[in-house]
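Asker: Okay, so here is structure17.cif, and as you'll see once you scroll down, it has mmCIF, C-alpha atoms and all ligand atoms.
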data_upload
#
loop_
_atom_site.label_atom_id
_atom_site.label_comp_id
_atom_site.auth_asym_id
_atom_site.auth_seq_id
_atom_site.Cartn_x
_atom_site.Cartn_y
_atom_site.Cartn_z
CA MET A 359 -12.25 -21.62 -20.61
CA LYS A 360 -11.47 -19.20 -17.78
CA PRO A 361 -8.06 -17.50 -17.80
CA LYS A 362 -5.47 -18.28 -15.15
CA ILE A 363 -3.59 -15.68 -13.15
CA LEU A 364 -0.63 -15.74 -10.77
CA VAL A 365 -0.60 -13.35 -7.80
CA LEU A 366 2.81 -12.62 -6.28
CA GLY A 367 3.05 -11.95 -2.55
CA SER A 368 2.69 -13.48 0.88
CA GLY A 369 0.86 -10.93 3.00
CA GLY A 370 -2.70 -9.80 3.61
CA ARG A 371 -2.56 -7.76 0.40
CA ALA A 372 -1.80 -10.84 -1.74
CA HIS A 373 -4.59 -12.76 0.00
CA ALA A 374 -7.06 -9.92 -0.67
CA ILE A 375 -6.05 -9.71 -4.36
CA ALA A 376 -6.37 -13.48 -4.77
CA TRP A 377 -9.72 -13.53 -2.94
CA LYS A 378 -11.13 -10.78 -5.18
CA LEU A 379 -9.90 -12.43 -8.39
CA ALA A 380 -11.28 -15.80 -7.27
CA LEU A 381 -14.78 -14.31 -6.93
CA THR A 382 -15.01 -14.30 -10.71
CA LEU A 383 -12.31 -16.75 -11.81
CA GLY A 384 -12.67 -19.43 -9.11
CA HIS A 385 -9.84 -20.44 -6.75
CA GLU A 386 -8.54 -23.08 -9.12
CA HIS A 387 -7.64 -20.35 -11.63
CA VAL A 388 -5.89 -18.07 -9.13
CA TYR A 389 -2.37 -19.21 -8.23
CA VAL A 390 -0.39 -17.42 -5.53
CA ALA A 391 3.35 -17.43 -4.87
CA PRO A 392 4.57 -17.81 -2.21
CA GLY A 393 1.26 -17.22 -0.38
CA ASN A 394 0.66 -18.05 3.29
CA GLY A 395 -1.27 -20.42 5.55
CA GLY A 396 -4.68 -19.11 4.52
CA ILE A 397 -4.39 -18.85 0.74
CA PRO A 398 -5.62 -21.77 -1.33
CA ASN A 399 -3.53 -22.70 -4.35
CA ALA A 400 -0.27 -21.27 -2.93
CA TYR A 401 3.14 -22.33 -4.26
CA ALA A 402 6.56 -21.88 -2.62
CA LEU A 403 8.22 -19.93 -5.45
CA ASP A 404 11.02 -17.39 -5.04
CA ILE A 405 9.40 -14.29 -6.50
CA SER A 406 12.71 -12.64 -7.29
CA ASP A 407 13.58 -15.55 -9.58
CA PHE A 408 11.85 -14.47 -12.81
CA GLU A 409 13.05 -17.56 -14.75
CA ALA A 410 11.37 -19.80 -12.15
CA ILE A 411 8.20 -17.73 -12.42
CA ARG A 412 8.25 -18.06 -16.20
CA SER A 413 8.63 -21.86 -16.01
CA PHE A 414 5.81 -22.03 -13.46
CA CYS A 415 3.50 -19.97 -15.69
CA ILE A 416 4.28 -22.08 -18.75
CA LYS A 417 3.69 -25.32 -16.82
CA HIS A 418 0.33 -24.14 -15.45
CA ARG A 419 -0.71 -22.21 -18.59
CA ILE A 420 -0.94 -18.93 -16.72
CA GLY A 421 -1.37 -15.85 -18.91
CA MET A 422 -1.22 -12.98 -16.44
CA ILE A 423 0.74 -11.98 -13.33
CA PHE A 424 -0.60 -9.59 -10.67
CA VAL A 425 2.31 -8.31 -8.59
CA GLY A 426 1.59 -7.58 -4.92
CA PRO A 427 4.81 -6.08 -3.52
CA GLU A 428 7.13 -3.47 -5.02
CA GLN A 429 10.40 -5.45 -5.22
CA PRO A 430 9.68 -7.53 -8.34
CA LEU A 431 8.50 -4.37 -10.11
CA SER A 432 11.59 -2.38 -9.16
CA GLU A 433 13.72 -5.37 -10.22
CA GLY A 434 12.13 -5.28 -13.68
CA ILE A 435 9.59 -8.13 -13.80
CA VAL A 436 7.51 -6.22 -16.38
CA ASP A 437 10.60 -5.77 -18.62
CA PHE A 438 11.54 -9.45 -18.18
CA PHE A 439 8.17 -10.68 -19.52
CA LYS A 440 7.81 -7.93 -22.15
CA ASP A 441 8.26 -10.04 -25.28
CA THR A 442 6.53 -13.15 -23.96
CA SER A 443 2.88 -14.24 -24.03
CA ILE A 444 2.66 -13.70 -20.25
CA GLN A 445 1.35 -10.26 -19.32
CA VAL A 446 2.40 -8.57 -16.09
CA LEU A 447 0.30 -5.89 -14.46
CA GLY A 448 2.49 -3.05 -13.23
CA PRO A 449 5.02 -0.44 -14.35
CA ASP A 450 8.30 -1.32 -16.03
CA LYS A 451 11.57 -0.82 -14.16
CA GLN A 452 11.94 2.81 -15.22
CA ALA A 453 8.40 3.80 -14.17
CA ALA A 454 8.73 1.76 -10.95
CA ARG A 455 11.40 4.29 -9.93
CA LEU A 456 8.47 6.47 -8.90
CA GLU A 457 8.53 4.25 -5.81
CA SER A 458 12.05 2.82 -5.76
CA SER A 459 13.80 6.23 -5.88
CA LYS A 460 12.36 8.99 -3.72
CA ILE A 461 14.62 11.55 -5.46
CA PHE A 462 13.46 10.44 -8.92
CA ALA A 463 9.84 10.71 -7.75
CA LYS A 464 10.33 14.21 -6.33
CA LYS A 465 12.01 15.44 -9.52
CA PHE A 466 9.13 13.97 -11.54
CA MET A 467 6.62 15.75 -9.26
CA LYS A 468 8.40 19.09 -9.64
CA LYS A 469 8.78 18.69 -13.41
CA TYR A 470 5.07 18.03 -13.96
CA GLY A 471 3.64 20.42 -11.37
CA VAL A 472 2.43 17.80 -8.89
CA ARG A 473 1.99 19.68 -5.61
CA THR A 474 4.51 18.42 -3.07
CA ALA A 475 6.70 19.67 -0.22
CA ASP A 476 9.93 21.49 -1.09
CA PHE A 477 12.98 19.28 -0.91
CA GLN A 478 16.70 19.02 -1.39
CA ALA A 479 18.56 15.89 -2.54
CA PHE A 480 21.89 14.80 -1.03
CA ASP A 481 24.47 12.12 -1.81
CA ARG A 482 26.52 12.46 1.41
CA THR A 483 25.39 12.88 5.00
CA ASP A 484 28.02 15.52 5.88
CA LYS A 485 26.59 17.92 3.29
CA ALA A 486 23.19 17.89 5.00
CA ARG A 487 24.12 18.89 8.55
CA ASP A 488 24.33 22.67 7.96
CA PHE A 489 21.15 22.53 5.90
CA ILE A 490 19.33 20.87 8.80
CA ARG A 491 20.62 23.42 11.34
CA GLU A 492 19.49 26.30 9.09
CA LYS A 493 16.05 24.76 8.60
CA GLN A 494 15.48 24.24 12.35
CA GLY A 495 13.66 20.93 12.39
CA ASN A 496 10.16 20.03 11.11
CA LEU A 497 11.74 18.04 8.34
CA VAL A 498 11.36 14.62 6.80
CA VAL A 499 14.50 12.66 5.94
CA LYS A 500 13.96 9.98 3.28
CA PHE A 501 16.40 7.34 2.13
CA ASP A 502 16.39 7.32 -1.69
CA GLY A 503 15.82 3.58 -2.18
CA LEU A 504 13.38 0.91 -1.04
CA ALA A 505 13.62 0.27 2.68
CA GLY A 506 10.44 -1.66 3.49
CA GLY A 507 8.85 1.39 5.17
CA LYS A 508 11.93 1.96 7.34
CA GLY A 509 13.64 4.66 5.27
CA VAL A 510 11.49 7.63 6.29
CA TYR A 511 12.24 9.73 9.39
CA VAL A 512 9.62 12.31 10.33
CA CYS A 513 11.42 14.84 12.55
CA SER A 514 10.16 17.64 14.78
CA SER A 515 13.54 19.17 15.64
CA ALA A 516 17.00 19.64 14.17
CA ASP A 517 18.32 17.11 16.71
CA GLU A 518 15.89 14.46 15.48
CA ALA A 519 16.87 15.14 11.86
CA LEU A 520 20.58 14.91 12.75
CA GLU A 521 19.86 11.62 14.54
CA ALA A 522 18.12 10.39 11.37
CA LEU A 523 21.34 11.13 9.46
CA ASN A 524 23.30 9.12 12.03
CA GLU A 525 20.96 6.17 11.47
CA LEU A 526 21.32 6.45 7.70
CA GLU A 527 25.12 6.50 8.11
CA LYS A 528 25.01 3.42 10.34
CA LYS A 529 22.97 1.50 7.78
CA TYR A 530 24.51 2.71 4.51
CA GLY A 531 27.71 4.65 5.29
CA LYS A 532 28.44 8.35 4.69
CA LYS A 533 27.95 8.10 0.94
CA VAL A 534 24.21 7.60 0.80
CA ARG A 535 21.54 9.12 -1.41
CA PHE A 536 18.66 10.69 0.47
CA LEU A 537 16.45 13.76 0.47
CA ILE A 538 15.23 16.17 3.06
CA GLU A 539 11.81 17.74 2.63
CA ASP A 540 9.64 20.15 4.61
CA LYS A 541 7.27 18.36 6.94
CA ILE A 542 3.60 19.02 6.19
CA PRO A 543 1.41 18.38 9.20
CA GLY A 544 -2.18 17.53 8.28
CA ASP A 545 -4.51 14.62 7.50
CA GLU A 546 -3.11 11.74 5.51
CA VAL A 547 -5.12 9.85 2.92
CA SER A 548 -4.25 7.04 0.52
CA LEU A 549 -5.75 7.29 -2.95
CA ILE A 550 -5.11 4.13 -4.93
CA GLY A 551 -6.17 3.42 -8.46
CA PHE A 552 -5.30 1.87 -11.78
CA THR A 553 -3.75 3.23 -14.94
CA ASP A 554 -3.49 1.91 -18.48
CA GLY A 555 -1.09 4.75 -19.32
CA ARG A 556 -3.97 6.73 -20.84
CA VAL A 557 -6.25 7.39 -17.86
CA ILE A 558 -6.05 6.98 -14.09
CA LYS A 559 -9.15 5.64 -12.32
CA THR A 560 -9.10 5.84 -8.54
CA LEU A 561 -10.83 3.65 -5.96
CA LEU A 562 -12.32 4.93 -2.69
CA PRO A 563 -10.10 7.11 -0.50
CA SER A 564 -8.69 5.10 2.40
CA GLN A 565 -6.52 5.56 5.44
CA ASP A 566 -4.04 3.24 7.07
CA HIS A 567 -2.70 3.38 10.61
CA LYS A 568 1.06 3.04 10.44
CA GLN A 569 2.07 3.41 14.08
CA LEU A 570 1.99 0.49 16.47
CA LEU A 571 0.05 2.13 19.28
CA ASP A 572 -3.28 3.91 19.76
CA GLY A 573 -3.25 7.64 19.12
CA ASP A 574 -0.65 7.18 16.36
CA ARG A 575 2.15 6.65 18.86
CA GLY A 576 5.05 4.23 18.88
CA PRO A 577 7.22 2.90 16.07
CA ASN A 578 6.15 2.71 12.44
CA THR A 579 4.89 -0.66 11.25
CA GLY A 580 3.80 -2.04 7.89
CA GLY A 581 0.25 -1.00 8.88
CA MET A 582 -1.96 -1.87 11.85
CA GLY A 583 -5.32 -1.40 10.13
CA ALA A 584 -7.21 0.59 7.54
CA TYR A 585 -10.67 1.75 6.60
CA CYS A 586 -12.55 3.14 3.63
CA PRO A 587 -14.10 5.28 2.41
CA VAL A 588 -12.51 8.23 4.15
CA LYS A 589 -14.89 11.14 3.81
CA ILE A 590 -13.35 13.94 1.79
CA SER A 591 -15.08 17.15 0.79
CA ASN A 592 -15.74 17.62 -2.93
CA GLU A 593 -13.40 20.62 -3.01
CA ILE A 594 -10.49 18.65 -1.64
CA MET A 595 -11.19 15.72 -3.96
CA GLN A 596 -11.15 18.14 -6.88
CA ASP A 597 -7.91 19.67 -5.57
CA ILE A 598 -6.35 16.17 -5.48
CA ARG A 599 -7.44 15.53 -9.07
CA THR A 600 -6.22 18.85 -10.39
CA ASN A 601 -2.93 19.12 -8.53
CA ILE A 602 -1.89 15.49 -8.11
CA VAL A 603 -3.66 12.92 -10.32
CA GLU A 604 -3.87 14.88 -13.58
CA PRO A 605 -0.28 16.19 -13.61
CA THR A 606 0.92 12.67 -12.73
CA LEU A 607 -0.89 11.26 -15.76
CA LYS A 608 0.58 14.00 -17.94
CA GLY A 609 4.04 13.06 -16.66
CA ILE A 610 3.49 9.34 -17.31
CA LYS A 611 2.51 10.14 -20.90
CA GLU A 612 5.21 12.70 -21.61
CA GLU A 613 7.98 10.55 -20.12
CA GLY A 614 6.73 7.68 -22.31
CA PHE A 615 6.54 5.34 -19.33
CA HIS A 616 5.24 1.82 -19.80
CA TYR A 617 2.83 1.87 -16.85
CA LYS A 618 -0.18 -0.45 -16.80
CA GLY A 619 -1.17 -1.30 -13.27
CA VAL A 620 -1.82 -0.03 -9.78
CA ILE A 621 -0.82 3.49 -8.77
CA TYR A 622 -0.89 4.72 -5.17
CA PHE A 623 -0.89 8.37 -4.11
CA GLY A 624 0.16 8.95 -0.49
CA ILE A 625 -1.37 12.37 0.19
CA MET A 626 -1.30 14.92 3.00
CA VAL A 627 -3.99 17.59 3.20
CA LYS A 628 -3.25 20.85 5.00
CA ASP A 629 -5.25 24.09 4.96
CA GLY A 630 -7.52 22.72 2.25
CA LYS A 631 -4.61 21.86 -0.07
CA ALA A 632 -3.44 18.40 -1.04
CA TYR A 633 0.29 17.58 -1.21
CA LEU A 634 1.74 14.38 -2.59
CA LEU A 635 4.04 12.69 -0.07
CA GLU A 636 4.91 9.67 -2.17
CA TYR A 637 3.99 7.37 -5.02
CA ASN A 638 3.81 3.63 -4.67
CA VAL A 639 3.47 1.45 -7.73
CA ARG A 640 1.36 -1.27 -6.11
CA PHE A 641 -1.56 -1.66 -3.73
CA GLY A 642 -1.08 -0.49 -0.14
CA ASP A 643 -1.04 -3.10 2.58
CA PRO A 644 -3.40 -2.94 4.54
CA GLU A 645 -5.38 -0.59 2.23
CA ALA A 646 -5.94 -3.42 -0.30
CA GLN A 647 -7.72 -5.42 2.40
CA VAL A 648 -10.52 -2.82 2.55
CA LEU A 649 -10.44 -1.47 -1.00
CA LEU A 650 -10.85 -4.80 -2.77
CA PRO A 651 -13.88 -5.89 -0.71
CA SER A 652 -15.41 -2.43 -1.34
CA LEU A 653 -15.02 -2.81 -5.12
CA GLN A 654 -17.97 -4.37 -6.92
CA THR A 655 -16.32 -4.28 -10.34
CA ASP A 656 -14.58 -7.46 -11.51
CA LEU A 657 -10.86 -7.11 -10.71
CA TYR A 658 -9.78 -9.40 -13.56
CA ALA A 659 -11.66 -7.19 -16.05
CA VAL A 660 -9.88 -4.14 -14.59
CA ALA A 661 -6.48 -5.84 -14.91
CA GLU A 662 -7.21 -6.82 -18.52
CA ALA A 663 -8.36 -3.30 -19.34
CA CYS A 664 -5.13 -1.84 -17.90
CA LEU A 665 -3.06 -4.16 -20.07
CA ASN A 666 -5.20 -3.58 -23.18
CA GLY A 667 -5.35 0.21 -22.80
CA ASN A 668 -9.13 0.47 -22.48
CA LEU A 669 -9.52 1.26 -18.79
CA SER A 670 -11.88 4.14 -19.61
CA GLU A 671 -14.47 1.55 -20.73
CA ILE A 672 -14.70 -0.09 -17.29
CA ARG A 673 -17.90 0.55 -15.31
CA TRP A 674 -16.90 1.25 -11.73
CA ALA A 675 -19.13 0.26 -8.84
CA PHE A 676 -18.52 0.23 -5.11
CA HIS A 677 -20.43 -1.35 -2.26
CA PRO A 678 -22.12 1.25 -0.05
CA GLY A 679 -21.08 1.61 3.59
CA TYR A 680 -17.72 1.23 5.32
CA PHE A 681 -14.99 -1.40 5.33
CA VAL A 682 -12.60 -1.77 8.27
CA ASP A 683 -9.46 -3.90 8.48
CA LEU A 684 -7.91 -4.74 11.84
CA VAL A 685 -4.43 -6.26 11.82
CA LEU A 686 -3.54 -8.74 14.56
CA VAL A 687 0.22 -8.77 15.19
CA SER A 688 2.77 -10.78 17.16
CA GLU A 689 4.06 -9.39 20.45
CA GLY A 690 7.32 -7.50 19.81
CA TYR A 691 6.47 -6.53 16.23
CA PRO A 692 7.84 -4.39 14.48
CA GLY A 693 10.94 -5.48 16.43
CA LYS A 694 11.77 -9.08 17.30
CA TYR A 695 8.91 -11.52 17.77
CA GLU A 696 8.41 -15.24 18.17
CA THR A 697 6.67 -17.43 15.62
CA GLY A 698 5.04 -20.86 15.63
CA LYS A 699 2.15 -19.89 17.95
CA GLU A 700 -1.09 -21.72 17.24
CA ILE A 701 -3.94 -19.46 16.12
CA LYS A 702 -7.23 -20.48 17.68
CA GLY A 703 -10.81 -19.36 17.15
CA LEU A 704 -10.86 -18.83 13.38
CA GLU A 705 -13.82 -21.24 13.10
CA ARG A 706 -15.75 -19.04 15.56
CA LEU A 707 -15.93 -16.14 13.08
CA ASP A 708 -19.16 -15.98 11.11
CA GLY A 709 -19.56 -15.15 7.42
CA GLN A 710 -19.73 -11.43 8.23
CA ILE A 711 -15.97 -11.27 8.73
CA LEU A 712 -13.43 -11.67 5.95
CA ILE A 713 -10.12 -13.13 7.09
CA PHE A 714 -7.02 -12.27 5.09
CA HIS A 715 -3.97 -14.14 6.33
CA ALA A 716 -0.54 -12.51 6.44
CA GLY A 717 2.22 -14.07 8.59
CA THR A 718 0.68 -17.52 8.96
CA THR A 719 1.55 -21.06 7.95
CA LYS A 720 -0.34 -24.35 7.94
CA LYS A 721 1.21 -27.33 9.75
CA ASN A 722 -0.44 -30.64 10.62
CA GLY A 723 -3.88 -29.12 10.11
CA LYS A 724 -3.13 -26.20 12.44
CA ILE A 725 -2.61 -22.55 11.54
CA LEU A 726 0.54 -21.13 13.16
CA THR A 727 2.00 -17.62 13.27
CA ARG A 728 4.96 -17.03 10.97
CA GLY A 729 5.33 -13.26 10.85
CA GLY A 730 4.87 -9.94 12.60
CA ARG A 731 1.59 -9.05 10.97
CA VAL A 732 -0.40 -12.25 11.34
CA LEU A 733 -4.05 -11.81 10.37
CA ASN A 734 -6.36 -9.18 8.91
CA LEU A 735 -10.00 -9.16 10.03
CA VAL A 736 -12.26 -7.18 7.70
CA ALA A 737 -15.83 -6.11 8.46
CA HIS A 738 -18.42 -4.18 6.50
CA ASP A 739 -21.48 -2.19 7.62
CA TYR A 740 -23.50 0.82 6.57
CA GLU A 741 -22.21 2.90 9.49
CA LEU A 742 -18.52 3.09 10.35
CA ASN A 743 -19.21 2.48 14.05
CA ASP A 744 -21.14 -0.71 13.27
CA ALA A 745 -18.30 -2.02 11.09
CA LEU A 746 -15.86 -1.21 13.90
CA LYS A 747 -18.02 -3.06 16.45
CA LYS A 748 -18.09 -6.12 14.21
CA VAL A 749 -14.36 -6.19 13.68
CA TYR A 750 -13.49 -5.69 17.36
CA ASN A 751 -16.01 -8.35 18.43
CA ALA A 752 -14.40 -10.72 15.95
CA ALA A 753 -10.92 -9.99 17.35
CA LYS A 754 -12.12 -11.14 20.79
CA LYS A 755 -12.83 -14.59 19.35
CA ILE A 756 -9.28 -15.09 18.04
CA TYR A 757 -6.37 -16.07 20.22
CA PHE A 758 -2.67 -16.68 19.84
CA GLU A 759 0.02 -16.18 22.44
CA GLY A 760 1.24 -12.55 22.37
CA MET A 761 -1.55 -11.34 20.06
CA PHE A 762 -1.78 -7.54 19.90
CA TYR A 763 -3.89 -5.03 17.99
CA ARG A 764 -4.76 -1.33 18.03
CA LYS A 765 -8.05 -0.34 19.60
CA ASP A 766 -8.63 2.88 17.63
CA ILE A 767 -8.67 1.93 13.95
CA GLY A 768 -10.97 4.21 11.92
CA GLN A 769 -11.34 6.75 14.70
CA ARG A 770 -9.03 9.56 13.64
CA LYS A 771 -10.53 13.03 13.48
CA ASN A 772 -9.87 14.03 9.88
CA LYS A 773 -10.39 17.77 10.33
CA GLU A 774 -8.48 18.81 7.21
CA LEU A 775 -10.21 16.36 4.90
CA ILE A 776 -13.67 17.57 5.82
CA LYS A 777 -12.66 21.20 6.28
CA LYS A 778 -14.55 22.84 3.47
CA GLY A 779 -17.22 20.37 4.45
CA ASN A 780 -20.09 19.64 2.13
CA ILE A 781 -20.06 16.13 3.51
CA LYS A 782 -21.39 14.48 6.60
CA LYS A 783 -19.00 13.86 9.49
CA THR A 784 -18.63 10.19 10.41
N1 LIG B 801 0.10 1.18 3.73
C1 LIG B 801 1.24 1.79 3.22
C2 LIG B 801 1.96 1.00 2.20
O1 LIG B 801 1.52 -0.05 1.77
O2 LIG B 801 3.02 1.43 1.78
#
In structure tokens, write the structure found in this file.
Ligand code: GLY
Answerer:
Amino acid sequence: MKPKILVLGSGGRAHAIAWKLALTLGHEHVYVAPGNGGIPNAYALDISDFEAIRSFCIKHRIGMIFVGPEQPLSEGIVDFFKDTSIQVLGPDKQAARLESSKIFAKKFMKKYGVRTADFQAFDRTDKARDFIREKQGNLVVKFDGLAGGKGVYVCSSADEALEALNELEKKYGKKVRFLIEDKIPGDEVSLIGFTDGRVIKTLLPSQDHKQLLDGDRGPNTGGMGAYCPVKISNEIMQDIRTNIVEPTLKGIKEEGFHYKGVIYFGIMVKDGKAYLLEYNVRFGDPEAQVLLPSLQTDLYAVAEACLNGNLSEIRWAFHPGYFVDLVLVSEGYPGKYETGKEIKGLERLDGQILIFHAGTTKKNGKILTRGGRVLNLVAHDYELNDALKKVYNAAKKIYFEGMFYRKDIGQRKNKELIKKGNIKKT
């Protein structure tokens, strides 16, 4: 009999994880909570209520949980299920601090020689003002805790950094834990993989597009699109392994972390050197929407291997070519937006496009918007430009009132990543 798994999450990432697992397990074995309007087998569970999750798993004879977002991990879902027969993929609460505390993560990086920008930690805003004036701008201010992508201020001047402090004060008061680090301008790349605590195996390098508008302008969002693989020269890939991935693994082992799950390296490359900006302890959204379709290997086998400590035995295979994800959002996002708009045209997309729902709901046989990020359209082709054409043609067939998307996904010039260049430009 096939095993059953529960995926936690409601966005495009959860849909992509469930889709990939269902390829080998079948939809009837992949439960999702709370899901969205496009995910089969979705259940309206509160994913911060671990007792309710346990009862649900017992009732449906589910043996494994795949956690999409960071909150349940930082709240200790792995610790909660530790002595039960239900296995949870992910780090325990202590290891999840690599994402839930930016100061903890930076101290870990420094301790284990992971290359990262210099930083200083603060526990009051007033103590940081002189520091900012001395440094003269080009700084990044980061709130210590989880802030749903809204706790990072990338500043080009001392005034901007001081304004970031004002915003932190408004939200959290004067007594707030945060850090200030040197800004590293360069090319950003997401490297996401799995660990069983013994090895780290990475998937294809990918890139997301965080800003709302073309040319990386406008406010930060959860992610407006992504593509993979991002072409990286062999030298830079080796630099990432030597100065980021390997020391991280050493740290995980020496700290004695219980970490069996997804690990995400948010990296900046400048002058041929890779710097770690941040860890996340889960898949990126929207990176998952391109990485999981690009992965040929069975995701359930990978998850099992992480939990059993034999990840090194997995045979990794990736589909050739490029994968592009375009996110369709509601007008007004990432600020205020309306919901309840009917989404039309989904039936007009052919089998060449994967649709991962995010902020959608099903009502009376119709699919309606229910969030800021509404739909992910994913296309594949052997050339990046052909995949882009497919995805943008598909977007023209979809309609909902106020629909908006970026027109330049996958078109960044990644000069730093290909600098030492033994690879073909795309
Ligand atoms: N795409 C960035 C993130 O998931 O945090």
Asker: Using all atoms listed in the file, which protein or nucleic acid residues come within 9 Å of range 566-579 of chain A? Drop anything in the same chain fewer than 5 positions from it, and give the result as an mmCIF file with C-alpha atoms, keeping the file's coordinate frame.
Answerer:
data_model
loop_
_atom_site.group_PDB
_atom_site.id
_atom_site.type_symbol
_atom_site.label_atom_id
_atom_site.label_comp_id
_atom_site.auth_asym_id
_atom_site.auth_seq_id
_atom_site.Cartn_x
_atom_site.Cartn_y
_atom_site.Cartn_z
ATOM 1 C CA GLY A 507 8.850 1.390 5.170
ATOM 2 C CA LYS A 508 11.930 1.960 7.340
ATOM 3 C CA GLU A 546 -3.110 11.740 5.510
ATOM 4 C CA VAL A 547 -5.120 9.850 2.920
ATOM 5 C CA SER A 548 -4.250 7.040 0.520
ATOM 6 C CA ALA A 584 -7.210 0.590 7.540
ATOM 7 C CA TYR A 585 -10.670 1.750 6.600
ATOM 8 C CA GLY A 642 -1.080 -0.490 -0.140
ATOM 9 C CA ASP A 643 -1.040 -3.100 2.580
ATOM 10 C CA PRO A 644 -3.400 -2.940 4.540
ATOM 11 C CA GLU A 645 -5.380 -0.590 2.230
ATOM 12 C CA TYR A 691 6.470 -6.530 16.230
ATOM 13 C CA PRO A 692 7.840 -4.390 14.480
ATOM 14 C CA TYR A 763 -3.890 -5.030 17.990
ATOM 15 C CA ARG A 764 -4.760 -1.330 18.030
ATOM 16 C CA LYS A 765 -8.050 -0.340 19.600
ATOM 17 C CA ASP A 766 -8.630 2.880 17.630
ATOM 18 C CA ILE A 767 -8.670 1.930 13.950
ATOM 19 C CA GLY A 768 -10.970 4.210 11.920
ATOM 20 C CA ARG A 770 -9.030 9.560 13.640
#
Asker: Leaving out Gly698 in chain A and any residue of its chain fewer than 6 positions from it, which residues lie within 8 Å of it when counting only C-alpha atoms, given as a ChimeraX atom specification?
Answerer: /A:726-728
Asker: Neighbours of range 370-383 of chain A within 8 Å (all atoms listed in the file; same-chain residues fewer than 2 positions away dropped), as a PyMOL selection string?
Answerer: chain A and resi 360-362+365-368+385-390+393+396-397+426+641-647+650-651+656-658+714-716+733-734
Asker: To box range 475-487 of chain A, take all atoms listed in the file, fit an axis-aligned box, add 3 Å on each side, and give centre and edge lengths in Å to one decimal, as JSON.
Answerer:
{"center_x": 17.4, "center_y": 16.8, "center_z": 3.0, "size_x": 27.3, "size_y": 15.4, "size_z": 17.1}
Asker: When distances are computed from all atoms listed in the file, which of A:Val736, A:Leu549, A:Ala475, A:Ala659 shows the smallest separation from ligand LIG 801 (chain B)?
Answerer: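 Under the stated criterion, the closest residue is A:Leu549.
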Asker: Expressed in Å to a single decimal, how great is the separation between CA of Ala632 in chain A and CA of Ile602 in chain A?
Answerer: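 A separation of 7.8 Å between them.
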Asker: Could you give me, as a list in words, the residues within 12 Å of Ala519 in chain A, counting all atoms listed in the file and dropping anything in the same chain fewer than 6 positions from it?
Answerer: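 Those residues are Thr483, Ala486, Arg487, Asp488, Phe489, Ile490, Arg491, Glu492, Lys493, Gln494, Gly495, Asn496, Leu497, Val498, Val499, Lys500, Val510, Tyr511, Val512, Cys513, Glu525, Leu526, Leu537, Ile538, Glu539, Asp540 and Lys541 of chain A.
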Asker: Tell me, in Å to one decimal, how far CA of Lys417 in chain A is from CA of Arg640 in chain A.
Answerer: 26.4 Å
Asker: Using all atoms listed in the file, which residue out of A:Ala402, A:Ile625, A:Ile610, A:Ile411 lies closest to ligand LIG 801 (chain B)?
Answerer: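 Closest candidate: A:Ile625.
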Asker: In Å, rounded to a single decimal, give me how far CA of Leu746 in chain A is from CA of Val627 in chain A.
Answerer: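 Interatomic distance here is 24.7 Å.
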Asker: Need the shell around Met595 in chain A: protein/DNA/RNA residues with any atom at most 9 Å away, counting all atoms listed in the file. Skip same-chain ones fewer than 5 positions apart. Format as a list in words?
Answerer: Ile590, Thr600, Ala632 and Leu775 of chain A
